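J.: Input entry_6.cif, format and content: mmCIF, C-alpha atoms.
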data_entry
#
loop_
_atom_site.label_atom_id
_atom_site.label_comp_id
_atom_site.auth_asym_id
_atom_site.auth_seq_id
_atom_site.Cartn_x
_atom_site.Cartn_y
_atom_site.Cartn_z
CA VAL A 256 20.29 -7.23 -1.74
CA TYR A 257 19.03 -9.81 0.73
CA SER A 258 20.74 -11.26 3.78
CA THR A 259 19.50 -14.00 6.07
CA ASN A 260 22.37 -13.97 8.54
CA PRO A 261 21.83 -11.38 9.87
CA VAL A 262 18.33 -10.90 8.47
CA TYR A 263 18.88 -7.55 6.80
CA VAL A 264 18.30 -5.97 3.44
CA ILE A 265 19.95 -2.67 2.63
CA SER A 266 21.79 -0.78 -0.11
CA ASN A 267 23.91 2.32 -0.71
CA THR A 268 25.13 2.51 2.88
CA TRP A 269 28.40 4.18 1.88
CA ASP A 270 28.46 6.48 -1.14
CA GLY A 271 32.24 6.39 -1.43
CA TYR A 272 32.45 2.68 -2.09
CA GLY A 273 30.81 0.34 -4.53
CA SER A 274 29.85 -2.20 -1.89
CA PHE A 275 30.19 -2.98 1.80
CA TYR A 276 29.84 -5.62 4.50
CA ILE A 277 27.27 -6.06 7.25
CA GLY A 278 28.52 -8.68 9.68
CA HIS A 279 29.89 -11.39 7.44
CA GLU A 280 27.38 -10.98 4.61
CA PHE A 281 28.50 -9.22 1.44
CA ILE A 282 25.82 -6.94 -0.01
CA PRO A 283 26.16 -5.01 -3.31
CA SER A 284 25.23 -1.34 -3.47
CA ALA A 285 22.52 -1.65 -6.15
CA ALA A 286 18.95 -1.06 -4.97
CA ALA A 287 16.64 -4.06 -4.92
CA LYS A 288 13.40 -4.19 -6.87
CA LEU A 289 10.05 -4.43 -5.13
CA ARG A 290 9.02 -7.51 -7.12
CA ASP A 291 12.22 -9.29 -6.12
CA VAL A 292 11.68 -8.48 -2.44
CA VAL A 293 8.04 -9.64 -2.57
CA THR A 294 9.07 -12.83 -4.37
CA SER A 295 11.75 -13.52 -1.76
CA GLU A 296 9.34 -12.95 1.12
CA CYS A 297 6.69 -15.18 -0.45
CA SER A 298 9.24 -17.95 -0.97
CA LEU A 299 9.82 -18.01 2.79
CA ALA A 300 6.13 -18.91 3.13
CA GLY A 301 6.47 -21.75 0.64
CA LEU A 302 5.08 -19.85 -2.37
CA GLN A 303 6.95 -20.33 -5.60
CA SER A 304 7.18 -17.77 -8.41
CA GLY A 305 4.41 -19.59 -10.26
CA ASP A 306 2.08 -19.13 -7.29
CA ILE A 307 2.13 -15.33 -7.38
CA ASP A 308 1.19 -12.76 -10.03
CA LEU A 309 3.28 -9.57 -9.95
CA THR A 310 2.38 -8.18 -13.37
CA ALA A 311 0.27 -5.34 -11.89
CA LEU A 312 2.81 -4.47 -9.18
CA THR A 313 4.91 -1.38 -9.91
CA ASN A 314 8.53 -2.48 -9.75
CA SER A 315 9.80 0.32 -7.50
CA ASP A 316 13.33 0.57 -6.15
CA VAL A 317 13.77 -0.61 -2.56
CA ARG A 318 16.85 1.14 -1.18
CA GLY A 319 16.92 -0.93 1.97
CA TYR A 320 14.62 -3.22 3.92
CA ARG A 321 15.39 -4.43 7.42
CA ILE A 322 13.76 -7.30 9.28
CA ALA A 323 14.86 -6.94 12.91
CA ASN A 324 13.04 -9.95 14.36
CA ALA A 325 11.50 -13.20 13.23
CA GLY A 326 7.80 -12.79 12.53
CA GLN A 327 4.97 -13.44 10.11
CA ILE A 328 5.55 -12.87 6.41
CA ARG A 329 2.31 -10.92 6.35
CA SER A 330 3.67 -8.25 8.70
CA SER A 331 6.70 -7.80 6.45
CA LEU A 332 4.49 -7.36 3.40
CA GLU A 333 2.24 -4.91 5.25
CA MET A 334 5.23 -2.65 5.86
CA LEU A 335 6.02 -2.71 2.15
CA GLN A 336 2.36 -1.96 1.40
CA ALA A 337 2.58 1.24 3.45
CA ALA A 338 5.65 2.49 1.59
CA PHE A 339 4.64 1.26 -1.88
CA PRO A 340 0.79 1.08 -1.76
CA PHE A 341 -0.46 -2.20 -3.20
CA ASP A 342 -3.11 -4.80 -2.46
CA VAL A 343 -2.90 -8.57 -2.23
CA ALA A 344 -5.77 -10.88 -3.15
CA PRO A 345 -6.33 -14.43 -4.43
CA SER A 346 -7.00 -14.71 -8.14
CA GLY A 347 -7.75 -18.20 -9.40
CA TYR A 348 -4.96 -20.42 -8.13
CA LYS A 349 -2.56 -17.54 -7.64
CA LEU A 350 -1.96 -14.69 -5.22
CA LYS A 351 -1.91 -11.41 -7.11
CA PHE A 352 -0.23 -8.17 -6.09
CA VAL A 353 -1.72 -4.98 -7.52
CA SER A 354 -0.43 -1.44 -7.08
CA ARG A 355 -2.98 1.18 -6.05
CA GLY A 356 -4.17 3.89 -8.40
CA GLY A 357 -5.00 1.70 -11.39
CA SER A 358 -7.57 2.50 -14.06
CA SER A 359 -11.13 1.20 -14.11
CA VAL A 360 -11.53 -2.30 -15.56
CA THR A 361 -15.30 -2.14 -16.14
CA THR A 362 -18.41 0.01 -15.69
CA THR A 363 -21.63 -1.03 -13.98
CA HIS A 364 -24.82 0.86 -14.79
CA GLU A 365 -27.59 1.64 -12.35
CA THR A 366 -29.76 -1.04 -13.95
CA ASP A 367 -27.13 -3.62 -12.93
CA LEU A 368 -27.35 -2.76 -9.24
CA GLY A 369 -29.68 -4.60 -6.88
CA ALA A 370 -29.59 -7.94 -8.70
CA ASN A 371 -31.50 -10.59 -6.73
CA ASP A 372 -33.65 -13.64 -7.23
CA SER A 373 -36.73 -12.12 -5.63
CA ALA A 374 -39.22 -9.40 -6.49
CA ASP A 375 -38.06 -7.18 -3.61
CA SER A 376 -37.87 -3.62 -4.96
CA SER A 377 -37.10 -1.98 -1.60
CA GLN A 378 -33.43 -2.92 -1.67
CA VAL A 379 -30.95 -0.03 -1.41
CA LEU A 380 -29.03 -0.18 -4.66
CA LEU A 381 -25.78 1.42 -3.45
CA PRO A 382 -25.48 1.74 0.35
CA VAL A 383 -23.06 4.46 1.47
CA SER A 384 -21.45 4.97 4.87
CA ARG A 385 -19.10 7.74 5.94
CA GLU A 386 -16.69 7.92 8.84
CA MET A 387 -16.90 11.03 11.03
CA ASP A 388 -14.21 13.54 10.13
CA THR A 389 -13.24 13.85 13.79
CA GLN A 390 -12.20 10.18 13.80
CA ILE A 391 -9.77 10.43 10.89
CA PRO A 392 -6.17 11.42 11.68
CA TYR A 393 -5.43 14.94 10.55
CA LYS A 394 -1.70 14.21 10.71
CA VAL A 395 0.28 11.17 9.58
CA SER A 396 3.94 10.82 10.60
CA VAL A 397 6.31 8.35 8.99
CA LYS A 398 9.43 7.10 10.76
CA TYR A 399 11.98 5.49 8.48
CA ILE A 400 15.66 4.69 7.96
CA ASP A 401 17.08 7.93 6.60
CA GLN A 402 19.66 7.46 3.89
CA SER A 403 20.97 11.04 4.21
CA ARG A 404 21.50 10.78 7.99
CA GLU A 405 23.85 7.80 8.06
CA TYR A 406 20.85 5.46 8.22
CA ASP A 407 19.61 6.86 11.49
CA ILE A 408 15.86 7.08 12.17
CA GLY A 409 14.20 9.99 10.39
CA GLU A 410 10.67 11.34 10.52
CA GLN A 411 8.48 13.19 8.03
CA TYR A 412 4.81 14.07 8.27
CA ALA A 413 1.81 15.33 6.33
CA SER A 414 -1.19 17.08 7.84
CA ARG A 415 -4.62 18.32 6.90
CA PRO A 416 -5.20 21.54 8.87
CA ASP A 417 -8.71 22.32 7.60
CA THR A 418 -10.46 19.71 9.76
CA ALA A 419 -11.93 19.35 13.23
CA SER A 420 -9.94 16.17 13.86
CA SER A 421 -7.20 16.18 16.49
CA ASN A 422 -6.09 12.57 15.94
CA GLU A 423 -2.59 11.69 14.79
CA ARG A 424 -1.16 8.50 13.32
CA THR A 425 2.45 7.32 13.28
CA VAL A 426 3.70 4.70 10.82
CA GLU A 427 7.05 3.08 11.55
CA LEU A 428 8.85 1.68 8.51
CA SER A 429 12.08 -0.34 8.65
CA ILE A 430 12.73 0.75 5.09
CA VAL A 431 15.50 2.96 3.75
CA LEU A 432 14.06 6.11 2.15
CA THR A 433 15.21 9.58 1.27
CA GLY A 434 13.57 12.49 3.08
CA ASP A 435 11.49 13.39 0.03
CA GLU A 436 10.34 9.80 -0.42
CA ALA A 437 9.26 9.59 3.23
CA ALA A 438 7.42 12.92 2.96
CA GLN A 439 5.59 11.61 -0.09
CA VAL A 440 4.67 8.38 1.71
CA ALA A 441 3.21 10.43 4.58
CA ASP A 442 1.33 12.66 2.12
CA ILE A 443 -0.14 9.65 0.28
CA LEU A 444 -1.19 7.88 3.48
CA ASN A 445 -2.83 11.05 4.78
CA ALA A 446 -4.71 11.60 1.52
CA LYS A 447 -5.76 7.93 1.40
CA ASP A 448 -7.26 8.09 4.90
CA TRP A 449 -9.49 10.98 3.87
CA LEU A 450 -10.38 9.56 0.47
CA GLU A 451 -11.47 6.23 1.94
CA ARG A 452 -13.56 7.68 4.76
CA THR A 453 -16.55 6.89 2.54
CA ALA A 454 -17.41 3.22 1.96
CA TYR A 455 -19.83 1.74 -0.58
CA GLY A 456 -21.73 -1.50 -0.22
CA PRO A 457 -22.55 -4.20 0.04
CA PHE A 458 -24.25 -3.94 -3.34
CA ASN A 459 -25.38 -6.72 -5.66
CA LEU A 460 -24.36 -7.28 -9.26
CA PRO A 461 -25.60 -9.89 -11.77
CA PRO A 462 -23.51 -12.93 -12.81
CA THR A 463 -22.26 -11.07 -15.90
CA PHE A 464 -19.78 -9.35 -13.57
CA ARG A 465 -18.38 -12.58 -12.18
CA ASN A 466 -14.87 -11.61 -13.34
CA ILE A 467 -14.69 -8.74 -10.83
CA GLU A 468 -12.14 -9.46 -8.11
CA PRO A 469 -10.91 -7.63 -5.01
CA THR A 470 -8.26 -5.00 -5.95
CA ASP A 471 -10.11 -4.23 -9.22
CA VAL A 472 -11.14 -0.61 -9.86
CA VAL A 473 -14.73 -0.42 -11.09
CA THR A 474 -16.82 2.55 -12.23
CA VAL A 475 -20.28 2.35 -10.65
CA GLU A 476 -23.01 4.57 -12.10
CA HIS A 477 -25.81 5.54 -9.73
CA ARG A 478 -28.31 8.40 -9.76
CA GLY A 479 -26.51 10.28 -12.49
CA GLN A 480 -23.11 10.05 -10.84
CA SER A 481 -20.10 7.87 -11.57
CA HIS A 482 -18.18 6.48 -8.61
CA GLN A 483 -14.77 4.98 -9.18
CA LEU A 484 -14.37 2.28 -6.55
CA ARG A 485 -11.57 -0.06 -5.54
CA ILE A 486 -13.28 -3.36 -4.81
CA THR A 487 -12.50 -4.74 -1.36
CA ARG A 488 -15.02 -7.59 -1.44
CA ALA A 489 -16.41 -9.65 -4.31
CA GLU A 490 -18.30 -12.74 -3.17
CA THR A 491 -20.21 -15.02 -5.53
CA LEU A 492 -23.38 -16.57 -4.10
CA PRO A 493 -24.70 -19.99 -5.16
CA ASP A 494 -27.27 -18.32 -7.43
CA GLY A 495 -24.53 -16.39 -9.24
CA ILE A 496 -25.23 -13.00 -7.67
CA ILE A 497 -22.05 -11.02 -6.87
CA ILE A 498 -21.94 -9.15 -3.56
CA CYS A 499 -19.42 -6.31 -3.68
CA SER A 500 -18.08 -3.62 -1.41
CA GLY A 501 -15.57 -0.91 -2.20
CA VAL A 502 -13.97 2.40 -1.35
CA PRO A 503 -13.25 5.41 -3.56
CA SER A 504 -10.20 5.18 -5.79
CA SER A 505 -8.25 8.02 -7.35
CA ALA A 506 -4.93 7.73 -9.18
CA GLN A 507 -3.99 11.25 -8.05
CA THR A 508 -4.12 10.15 -4.41
CA TYR A 509 -1.14 7.86 -4.93
CA THR A 510 1.00 10.53 -6.58
CA SER A 511 2.80 13.10 -4.46
CA THR A 512 5.39 15.83 -4.96
CA ALA A 513 5.88 16.57 -1.26
CA THR A 514 9.37 17.55 -0.17
CA ALA A 515 11.17 16.78 3.07
CA GLN A 516 11.77 19.02 6.02
CA ASN A 517 15.49 18.70 6.63
CA PRO A 518 16.49 17.69 10.19
CA LEU A 519 18.66 19.94 12.32
CA VAL A 520 21.01 17.13 13.39
CA ILE A 521 22.86 14.43 11.50
CA GLY A 522 22.78 10.74 12.29
CA GLN A 523 25.45 8.39 13.56
CA SER A 524 28.63 7.87 11.55
CA LEU A 525 29.31 4.59 9.73
CA VAL A 526 32.78 3.32 8.88
CA PRO A 527 32.94 1.04 5.79
CA LEU A 528 34.83 -2.24 5.91
CA LYS A 529 37.13 -2.63 2.94
#
What is this structure when it is put down as structure tokens?
T.:
Amino acid sequence: VYSTNPVYVISNTWDGYGSFYIGHEFIPSAAAKLRDVVTSECSLAGLQSGDIDLTALTNSDVRGYRIANAGQIRSSLEMLQAAFPFDVAPSGYKLKFVSRGGSSVTTTHETDLGANDSADSSQVLLPVSREMDTQIPYKVSVKYIDQSREYDIGEQYASRPDTASSNERTVELSIVLTGDEAAQVADILNAKDWLERTAYGPFNLPPTFRNIEPTDVVTVEHRGQSHQLRITRAETLPDGIIICSGVPSSAQTYTSTATAQNPLVIGQSLVPLK
């Protein structure tokens, strides 16, 4: 389900036939798998299958994936990240891809926080910052390639009405989705924006936590509360101290049952080539 001439990835364009043509490239109707698409994109950057770790990446179906213009591989992956939330980070000599919403890999206790090589006791153990609610989009709209509208552009949105924010955000995806799938993407992105308005760190951990890496979910205990954080930074200093930062993580945030609002008009008609 991958074409380089033209550069286009798509599937299930015509329900009445088992396969179809785009230009002079023959493309089967079966949906591609996310891991296969990521592997193909990484290979264009010179990364072989042994250079990437996809074991923690949910192997979702990709109904269609269009690359309209030549550009950076990173921008192509970022579009996939919006539709199928995952993170990318170096791990050893590999690049690992990890789907969001994973379980905690370890727990740090309050006595672990504030590790340093001095006697300074005034250090803030777990710094917390919070974005103003008025700065976070109350509405997220997703534009996508709509499978049910002859692959015309569709739009779904999710909003949070109980807020003082008036900001809106639009995400354009050159990915084939159903209306329900697009509505769920919008719902997840909207919920993620509000969940991650609080940031934690930087906070210090002792060398015993040297295995913590970005993308890991860690439970941090502080002042009688447990915070489940997705690590966005894990830097090891020469003395072995680990400096970490993170944002809240919740598996429920990346699960949605939102349904689509059906459009009033249909898309353009497509005629299959036999």
J.: Please enumerate the residues selected by the PyMOL selection byres ((chain A and resi 310-321) around 7) when evaluated against the supplied file, formatted as a VMD selection string.
T.: chain A and resid 263 to 266 286 to 290 308 to 309 322 to 323 352 to 354 429 to 432
J.: Quick one, how far is atom CA of A:Gly495 from atom CA of A:Asp471?
T.: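 Rounded to one decimal, the two atoms are 18.9 Å apart.
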J.: Have a look at A:Gly501, A:Gly434, A:Pro493, A:Pro392 and name the one nearest to A:Asp407; count only C-alpha atoms.
T.: A:Gly434
J.: Skip A:Pro340 itself and residues of its chain fewer than 5 positions away, then list as a list in words all residues within 9 Å of it, counting all atoms listed in the file.
T.: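 Returned residues: Leu335, Val353, Ser354, Arg355, Gly356, Val440, Ile443, Leu444 and Tyr509 of chain A.
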J.: I'd like the interatomic distance between atom CA of A:Arg465 and atom CA of A:His482, to a tenth of an Å.
T.: 19.4 Å
J.: Dump as a tab-separated table (two decimals) with C-alpha atoms, in the frame of the given file all residues having an atom at most 8 Å from (-11.1, 0.1, -11.5), computed in the file's coordinates with all atoms listed in the file.
T.:
chain	number	residue	atom	x	y	z
A	357	GLY	CA	-5.00	1.70	-11.39
A	358	SER	CA	-7.57	2.50	-14.06
A	359	SER	CA	-11.13	1.20	-14.11
A	360	VAL	CA	-11.53	-2.30	-15.56
A	361	THR	CA	-15.30	-2.14	-16.14
A	471	ASP	CA	-10.11	-4.23	-9.22
A	472	VAL	CA	-11.14	-0.61	-9.86
A	473	VAL	CA	-14.73	-0.42	-11.09
A	474	THR	CA	-16.82	2.55	-12.23
A	483	GLN	CA	-14.77	4.98	-9.18
A	484	LEU	CA	-14.37	2.28	-6.55
A	485	ARG	CA	-11.57	-0.06	-5.54
A	486	ILE	CA	-13.28	-3.36	-4.81
A	504	SER	CA	-10.20	5.18	-5.79
J.: Name the residues captured by the PyMOL selection byres ((chain A and resi 369) around 10) when it is applied to the shown file; answer as a VMD selection string.
T.: chain A and resid 365 to 368 370 to 372 375 to 381 457 to 461 496 to 498
J.: What is the atom CA of A:Ser505 to atom CA of A:Glu386 distance in Å?
T.: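 Between atom CA of A:Ser505 and atom CA of A:Glu386 the gap works out to 18.3 Å.
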J.: Specify as a PDB file with C-alpha atoms, keeping the file's coordinate frame each residue included when the PyMOL selection byres ((chain A and resi 510) around 9) is applied to this file.
T.:
ATOM      1  CA  GLY A 356      -4.170   3.890  -8.400  1.00  0.00           C
ATOM      2  CA  GLN A 439       5.590  11.610  -0.090  1.00  0.00           C
ATOM      3  CA  ASP A 442       1.330  12.660   2.120  1.00  0.00           C
ATOM      4  CA  ILE A 443      -0.140   9.650   0.280  1.00  0.00           C
ATOM      5  CA  ALA A 506      -4.930   7.730  -9.180  1.00  0.00           C
ATOM      6  CA  GLN A 507      -3.990  11.250  -8.050  1.00  0.00           C
ATOM      7  CA  THR A 508      -4.120  10.150  -4.410  1.00  0.00           C
ATOM      8  CA  TYR A 509      -1.140   7.860  -4.930  1.00  0.00           C
ATOM      9  CA  SER A 511       2.800  13.100  -4.460  1.00  0.00           C
ATOM     10  CA  THR A 512       5.390  15.830  -4.960  1.00  0.00           C
TER      11      THR A 512
END
